$ cat final-v7.tsv   # TSV, N, CA and C atoms
chain	number	residue	atom	x	y	z
A	1	MET	N	-6.20	-9.61	20.12
A	1	MET	CA	-6.27	-9.60	18.68
A	1	MET	C	-7.64	-9.08	18.25
A	2	THR	N	-7.65	-8.27	17.20
A	2	THR	CA	-8.91	-7.74	16.69
A	2	THR	C	-9.12	-8.18	15.25
A	3	THR	N	-10.36	-8.09	14.83
A	3	THR	CA	-10.77	-8.45	13.47
A	3	THR	C	-11.56	-7.28	12.91
A	4	THR	N	-11.47	-7.06	11.62
A	4	THR	CA	-12.23	-5.99	10.98
A	4	THR	C	-13.36	-6.58	10.13
A	5	PRO	N	-14.37	-5.77	9.83
A	5	PRO	CA	-15.41	-6.25	8.93
A	5	PRO	C	-14.86	-6.71	7.57
A	6	ARG	N	-13.82	-6.07	7.11
A	6	ARG	CA	-13.20	-6.45	5.82
A	6	ARG	C	-12.62	-7.86	5.90
A	7	GLU	N	-11.98	-8.18	7.01
A	7	GLU	CA	-11.44	-9.54	7.17
A	7	GLU	C	-12.56	-10.57	7.23
A	8	LEU	N	-13.64	-10.22	7.91
A	8	LEU	CA	-14.78	-11.13	8.00
A	8	LEU	C	-15.49	-11.25	6.65
A	9	GLU	N	-15.46	-10.20	5.86
A	9	GLU	CA	-16.05	-10.24	4.52
A	9	GLU	C	-15.43	-11.38	3.71
A	10	ASP	N	-14.12	-11.47	3.73
A	10	ASP	CA	-13.43	-12.52	2.99
A	10	ASP	C	-13.74	-13.90	3.57
A	11	GLU	N	-13.79	-13.98	4.89
A	11	GLU	CA	-14.03	-15.26	5.56
A	11	GLU	C	-15.45	-15.78	5.35
A	12	LEU	N	-16.44	-14.87	5.41
A	12	LEU	CA	-17.85	-15.28	5.41
A	12	LEU	C	-18.54	-15.11	4.06
A	13	ASP	N	-17.86	-14.48	3.12
A	13	ASP	CA	-18.44	-14.19	1.80
A	13	ASP	C	-19.71	-13.35	1.95
A	14	VAL	N	-19.63	-12.35	2.82
A	14	VAL	CA	-20.70	-11.39	3.07
A	14	VAL	C	-20.04	-10.02	2.99
A	15	SER	N	-20.69	-9.04	2.38
A	15	SER	CA	-20.05	-7.74	2.21
A	15	SER	C	-19.78	-7.08	3.56
A	16	ALA	N	-18.70	-6.31	3.61
A	16	ALA	CA	-18.35	-5.57	4.82
A	16	ALA	C	-19.47	-4.60	5.19
A	17	LYS	N	-20.14	-4.04	4.19
A	17	LYS	CA	-21.26	-3.13	4.43
A	17	LYS	C	-22.37	-3.83	5.19
A	18	THR	N	-22.69	-5.06	4.80
A	18	THR	CA	-23.72	-5.84	5.48
A	18	THR	C	-23.28	-6.19	6.90
A	19	ILE	N	-22.02	-6.52	7.05
A	19	ILE	CA	-21.48	-6.84	8.38
A	19	ILE	C	-21.56	-5.62	9.28
A	20	ARG	N	-21.19	-4.46	8.77
A	20	ARG	CA	-21.27	-3.24	9.58
A	20	ARG	C	-22.72	-2.92	9.98
A	21	ALA	N	-23.66	-3.16	9.08
A	21	ALA	CA	-25.07	-2.95	9.41
A	21	ALA	C	-25.50	-3.85	10.56
A	22	CYS	N	-25.07	-5.10	10.51
A	22	CYS	CA	-25.36	-6.05	11.59
A	22	CYS	C	-24.74	-5.56	12.90
A	23	LEU	N	-23.52	-5.09	12.82
A	23	LEU	CA	-22.83	-4.59	14.02
A	23	LEU	C	-23.54	-3.38	14.61
A	24	ARG	N	-24.03	-2.49	13.77
A	24	ARG	CA	-24.74	-1.31	14.27
A	24	ARG	C	-26.01	-1.72	15.01
A	25	GLU	N	-26.67	-2.79	14.54
A	25	GLU	CA	-27.86	-3.30	15.24
A	25	GLU	C	-27.48	-3.88	16.60
A	26	GLN	N	-26.40	-4.63	16.63
A	26	GLN	CA	-25.97	-5.31	17.86
A	26	GLN	C	-25.31	-4.36	18.86
A	27	TYR	N	-24.63	-3.34	18.36
A	27	TYR	CA	-23.85	-2.44	19.21
A	27	TYR	C	-24.19	-0.98	18.86
A	28	PRO	N	-25.41	-0.54	19.18
A	28	PRO	CA	-25.85	0.79	18.78
A	28	PRO	C	-25.06	1.93	19.43
A	29	ASP	N	-24.33	1.67	20.49
A	29	ASP	CA	-23.56	2.72	21.16
A	29	ASP	C	-22.20	2.97	20.51
A	30	HIS	N	-21.86	2.18	19.50
A	30	HIS	CA	-20.59	2.38	18.80
A	30	HIS	C	-20.60	3.76	18.14
A	31	GLU	N	-19.52	4.50	18.29
A	31	GLU	CA	-19.44	5.85	17.74
A	31	GLU	C	-19.61	5.85	16.22
A	32	HIS	N	-20.54	6.67	15.74
A	32	HIS	CA	-20.81	6.76	14.30
A	32	HIS	C	-19.56	7.19	13.56
A	33	GLY	N	-19.20	6.45	12.53
A	33	GLY	CA	-18.04	6.77	11.72
A	33	GLY	C	-16.72	6.24	12.24
A	34	ALA	N	-16.73	5.68	13.44
A	34	ALA	CA	-15.50	5.15	14.02
A	34	ALA	C	-15.18	3.79	13.40
A	35	ARG	N	-13.91	3.47	13.32
A	35	ARG	CA	-13.46	2.21	12.75
A	35	ARG	C	-13.94	1.04	13.63
A	36	TRP	N	-14.39	-0.01	12.97
A	36	TRP	CA	-14.78	-1.22	13.68
A	36	TRP	C	-13.54	-2.12	13.82
A	37	GLU	N	-13.09	-2.32	15.03
A	37	GLU	CA	-12.06	-3.30	15.34
A	37	GLU	C	-12.69	-4.24	16.36
A	38	LEU	N	-13.07	-5.40	15.89
A	38	LEU	CA	-13.88	-6.31	16.68
A	38	LEU	C	-13.02	-7.18	17.60
A	39	ASP	N	-13.48	-7.30	18.84
A	39	ASP	CA	-12.84	-8.26	19.73
A	39	ASP	C	-13.40	-9.64	19.39
A	40	GLU	N	-12.91	-10.64	20.06
A	40	GLU	CA	-13.31	-12.02	19.73
A	40	GLU	C	-14.81	-12.24	19.93
A	41	GLU	N	-15.38	-11.65	20.96
A	41	GLU	CA	-16.82	-11.80	21.22
A	41	GLU	C	-17.64	-11.19	20.08
A	42	GLN	N	-17.29	-10.00	19.65
A	42	GLN	CA	-18.01	-9.35	18.56
A	42	GLN	C	-17.87	-10.14	17.25
A	43	ALA	N	-16.67	-10.62	16.97
A	43	ALA	CA	-16.45	-11.41	15.76
A	43	ALA	C	-17.28	-12.69	15.80
A	44	THR	N	-17.40	-13.29	16.97
A	44	THR	CA	-18.21	-14.50	17.11
A	44	THR	C	-19.67	-14.23	16.84
A	45	VAL	N	-20.17	-13.07	17.30
A	45	VAL	CA	-21.56	-12.68	17.04
A	45	VAL	C	-21.79	-12.59	15.54
A	46	VAL	N	-20.87	-11.95	14.83
A	46	VAL	CA	-21.01	-11.80	13.37
A	46	VAL	C	-20.93	-13.17	12.69
A	47	ARG	N	-19.99	-13.98	13.08
A	47	ARG	CA	-19.87	-15.32	12.48
A	47	ARG	C	-21.14	-16.13	12.67
A	48	ALA	N	-21.71	-16.06	13.87
A	48	ALA	CA	-22.94	-16.81	14.15
A	48	ALA	C	-24.11	-16.29	13.31
A	49	ARG	N	-24.16	-15.01	13.12
A	49	ARG	CA	-25.24	-14.40	12.34
A	49	ARG	C	-25.21	-14.82	10.88
A	50	PHE	N	-24.01	-14.97	10.31
A	50	PHE	CA	-23.90	-15.23	8.89
A	50	PHE	C	-23.41	-16.65	8.54
A	51	SER	N	-23.35	-17.51	9.53
A	51	SER	CA	-22.96	-18.90	9.24
A	51	SER	C	-24.11	-19.62	8.56
A	52	ASP	N	-23.76	-20.53	7.69
A	52	ASP	CA	-24.78	-21.32	6.98
A	52	ASP	C	-25.35	-22.39	7.86
$ encode --input "final-v7.tsv" --output "structure tokens"
Amino acid sequence: MTTTPRELEDELDVSAKTIRACLREQYPDHEHGARWELDEEQATVVRARFSD
């Protein structure tokens, strides 16, 4: 199962743009312009970063 930044935006109340910026920092080898489809590990990294 994959998660998108848009789905996390709704869950975390953080913009998808901000989430993508975080992902680019964490995963700099991700192809520029390619769709982000996050595996569970990547989604957990984002959740941990933006959890209160």
$ residues_around --input "final-v7.tsv" --residues "region 4-7 of chain A" --least-positions-apart "3" --cutoff "8 Å" --atoms "all atoms listed in the file" --output "list in words"
Met1, Asp10, Glu11, Leu12, Asp13, Val14, Ser15, Ala16, Lys17, Ile19, Arg20, Arg35, Trp36, Glu37, Leu38, Asp39 and Ala43 of chain A
$ closest_residue --input "final-v7.tsv" --among "A:Ser51, A:Glu41, A:Glu9, A:Val46" --to "Cys22 (chain A)" --atoms "only C-alpha atoms"
A:Val46
$ select_by_dssp --input "final-v7.tsv" --residues "chain A" --states "alpha helix (DSSP H)" --output "mmCIF file with N, CA and C atoms, keeping the file's coordinate frame"
data_model
loop_
_atom_site.group_PDB
_atom_site.id
_atom_site.type_symbol
_atom_site.label_atom_id
_atom_site.label_comp_id
_atom_site.auth_asym_id
_atom_site.auth_seq_id
_atom_site.Cartn_x
_atom_site.Cartn_y
_atom_site.Cartn_z
ATOM 1 N N PRO A 5 -14.370 -5.770 9.830
ATOM 2 C CA PRO A 5 -15.410 -6.250 8.930
ATOM 3 C C PRO A 5 -14.860 -6.710 7.570
ATOM 4 N N ARG A 6 -13.820 -6.070 7.110
ATOM 5 C CA ARG A 6 -13.200 -6.450 5.820
ATOM 6 C C ARG A 6 -12.620 -7.860 5.900
ATOM 7 N N GLU A 7 -11.980 -8.180 7.010
ATOM 8 C CA GLU A 7 -11.440 -9.540 7.170
ATOM 9 C C GLU A 7 -12.560 -10.570 7.230
ATOM 10 N N LEU A 8 -13.640 -10.220 7.910
ATOM 11 C CA LEU A 8 -14.780 -11.130 8.000
ATOM 12 C C LEU A 8 -15.490 -11.250 6.650
ATOM 13 N N GLU A 9 -15.460 -10.200 5.860
ATOM 14 C CA GLU A 9 -16.050 -10.240 4.520
ATOM 15 C C GLU A 9 -15.430 -11.380 3.710
ATOM 16 N N ASP A 10 -14.120 -11.470 3.730
ATOM 17 C CA ASP A 10 -13.430 -12.520 2.990
ATOM 18 C C ASP A 10 -13.740 -13.900 3.570
ATOM 19 N N GLU A 11 -13.790 -13.980 4.890
ATOM 20 C CA GLU A 11 -14.030 -15.260 5.560
ATOM 21 C C GLU A 11 -15.450 -15.780 5.350
ATOM 22 N N LEU A 12 -16.440 -14.870 5.410
ATOM 23 C CA LEU A 12 -17.850 -15.280 5.410
ATOM 24 C C LEU A 12 -18.540 -15.110 4.060
ATOM 25 N N ALA A 16 -18.700 -6.310 3.610
ATOM 26 C CA ALA A 16 -18.350 -5.570 4.820
ATOM 27 C C ALA A 16 -19.470 -4.600 5.190
ATOM 28 N N LYS A 17 -20.140 -4.040 4.190
ATOM 29 C CA LYS A 17 -21.260 -3.130 4.430
ATOM 30 C C LYS A 17 -22.370 -3.830 5.190
ATOM 31 N N THR A 18 -22.690 -5.060 4.800
ATOM 32 C CA THR A 18 -23.720 -5.840 5.480
ATOM 33 C C THR A 18 -23.280 -6.190 6.900
ATOM 34 N N ILE A 19 -22.020 -6.520 7.050
ATOM 35 C CA ILE A 19 -21.480 -6.840 8.380
ATOM 36 C C ILE A 19 -21.560 -5.620 9.280
ATOM 37 N N ARG A 20 -21.190 -4.460 8.770
ATOM 38 C CA ARG A 20 -21.270 -3.240 9.580
ATOM 39 C C ARG A 20 -22.720 -2.920 9.980
ATOM 40 N N ALA A 21 -23.660 -3.160 9.080
ATOM 41 C CA ALA A 21 -25.070 -2.950 9.410
ATOM 42 C C ALA A 21 -25.500 -3.850 10.560
ATOM 43 N N CYS A 22 -25.070 -5.100 10.510
ATOM 44 C CA CYS A 22 -25.360 -6.050 11.590
ATOM 45 C C CYS A 22 -24.740 -5.560 12.900
ATOM 46 N N LEU A 23 -23.520 -5.090 12.820
ATOM 47 C CA LEU A 23 -22.830 -4.590 14.020
ATOM 48 C C LEU A 23 -23.540 -3.380 14.610
ATOM 49 N N ARG A 24 -24.030 -2.490 13.770
ATOM 50 C CA ARG A 24 -24.740 -1.310 14.270
ATOM 51 C C ARG A 24 -26.010 -1.720 15.010
ATOM 52 N N GLU A 25 -26.670 -2.790 14.540
ATOM 53 C CA GLU A 25 -27.860 -3.300 15.240
ATOM 54 C C GLU A 25 -27.480 -3.880 16.600
ATOM 55 N N GLN A 26 -26.400 -4.630 16.630
ATOM 56 C CA GLN A 26 -25.970 -5.310 17.860
ATOM 57 C C GLN A 26 -25.310 -4.360 18.860
ATOM 58 N N GLU A 40 -12.910 -10.640 20.060
ATOM 59 C CA GLU A 40 -13.310 -12.020 19.730
ATOM 60 C C GLU A 40 -14.810 -12.240 19.930
ATOM 61 N N GLU A 41 -15.380 -11.650 20.960
ATOM 62 C CA GLU A 41 -16.820 -11.800 21.220
ATOM 63 C C GLU A 41 -17.640 -11.190 20.080
ATOM 64 N N GLN A 42 -17.290 -10.000 19.650
ATOM 65 C CA GLN A 42 -18.010 -9.350 18.560
ATOM 66 C C GLN A 42 -17.870 -10.140 17.250
ATOM 67 N N ALA A 43 -16.670 -10.620 16.970
ATOM 68 C CA ALA A 43 -16.450 -11.410 15.760
ATOM 69 C C ALA A 43 -17.280 -12.690 15.800
ATOM 70 N N THR A 44 -17.400 -13.290 16.970
ATOM 71 C CA THR A 44 -18.210 -14.500 17.110
ATOM 72 C C THR A 44 -19.670 -14.230 16.840
ATOM 73 N N VAL A 45 -20.170 -13.070 17.300
ATOM 74 C CA VAL A 45 -21.560 -12.680 17.040
ATOM 75 C C VAL A 45 -21.790 -12.590 15.540
ATOM 76 N N VAL A 46 -20.870 -11.950 14.830
ATOM 77 C CA VAL A 46 -21.010 -11.800 13.370
ATOM 78 C C VAL A 46 -20.930 -13.170 12.690
ATOM 79 N N ARG A 47 -19.990 -13.980 13.080
ATOM 80 C CA ARG A 47 -19.870 -15.320 12.480
ATOM 81 C C ARG A 47 -21.140 -16.130 12.670
ATOM 82 N N ALA A 48 -21.710 -16.060 13.870
ATOM 83 C CA ALA A 48 -22.940 -16.810 14.150
ATOM 84 C C ALA A 48 -24.110 -16.290 13.310
ATOM 85 N N ARG A 49 -24.160 -15.010 13.120
ATOM 86 C CA ARG A 49 -25.240 -14.400 12.340
ATOM 87 C C ARG A 49 -25.210 -14.820 10.880
ATOM 88 N N PHE A 50 -24.010 -14.970 10.310
ATOM 89 C CA PHE A 50 -23.900 -15.230 8.890
ATOM 90 C C PHE A 50 -23.410 -16.650 8.540
#
$ atom_distance --input "final-v7.tsv" --atom1 "atom N of Ala34 (chain A)" --atom2 "atom C of Leu8 (chain A)"
18.3 Å
$ atom_distance --input "final-v7.tsv" --atom1 "atom N of Gly33 (chain A)" --atom2 "CA of Phe50 (chain A)"
22.5 Å
$ decode --input "final-v7.tsv" --residues "region 36-48 of chain A" --atoms "N, CA, C and O atoms" --output "tab-separated table (two decimals), in the first residue's frame"
chain	number	residue	atom	x	y	z
A	36	TRP	N	5.21	11.24	-6.08
A	36	TRP	CA	5.57	10.65	-4.80
A	36	TRP	C	4.50	9.64	-4.41
A	36	TRP	O	3.35	10.01	-4.18
A	37	GLU	N	4.86	8.38	-4.36
A	37	GLU	CA	4.01	7.32	-3.83
A	37	GLU	C	4.83	6.69	-2.70
A	37	GLU	O	5.77	5.94	-2.95
A	38	LEU	N	4.47	7.03	-1.49
A	38	LEU	CA	5.28	6.68	-0.33
A	38	LEU	C	4.97	5.28	0.18
A	38	LEU	O	3.80	4.93	0.35
A	39	ASP	N	6.04	4.55	0.47
A	39	ASP	CA	5.83	3.27	1.15
A	39	ASP	C	5.62	3.57	2.63
A	39	ASP	O	5.67	4.72	3.07
A	40	GLU	N	5.39	2.54	3.40
A	40	GLU	CA	5.07	2.74	4.82
A	40	GLU	C	6.22	3.41	5.57
A	40	GLU	O	5.99	4.26	6.42
A	41	GLU	N	7.45	3.05	5.25
A	41	GLU	CA	8.61	3.66	5.92
A	41	GLU	C	8.69	5.16	5.63
A	41	GLU	O	8.90	5.97	6.55
A	42	GLN	N	8.51	5.55	4.39
A	42	GLN	CA	8.55	6.96	4.02
A	42	GLN	C	7.41	7.74	4.68
A	42	GLN	O	7.62	8.84	5.18
A	43	ALA	N	6.22	7.16	4.70
A	43	ALA	CA	5.08	7.82	5.33
A	43	ALA	C	5.33	7.99	6.83
A	43	ALA	O	4.99	9.03	7.41
A	44	THR	N	5.97	7.02	7.45
A	44	THR	CA	6.29	7.11	8.87
A	44	THR	C	7.27	8.23	9.14
A	44	THR	O	7.15	8.96	10.13
A	45	VAL	N	8.26	8.42	8.25
A	45	VAL	CA	9.22	9.50	8.39
A	45	VAL	C	8.49	10.84	8.36
A	45	VAL	O	8.74	11.73	9.19
A	46	VAL	N	7.57	11.00	7.42
A	46	VAL	CA	6.81	12.26	7.32
A	46	VAL	C	5.93	12.45	8.55
A	46	VAL	O	5.89	13.56	9.12
A	47	ARG	N	5.25	11.43	8.97
A	47	ARG	CA	4.40	11.55	10.16
A	47	ARG	C	5.20	11.96	11.38
A	47	ARG	O	4.78	12.80	12.18
A	48	ALA	N	6.38	11.36	11.55
A	48	ALA	CA	7.23	11.69	12.69
A	48	ALA	C	7.71	13.14	12.62
A	48	ALA	O	7.76	13.85	13.64
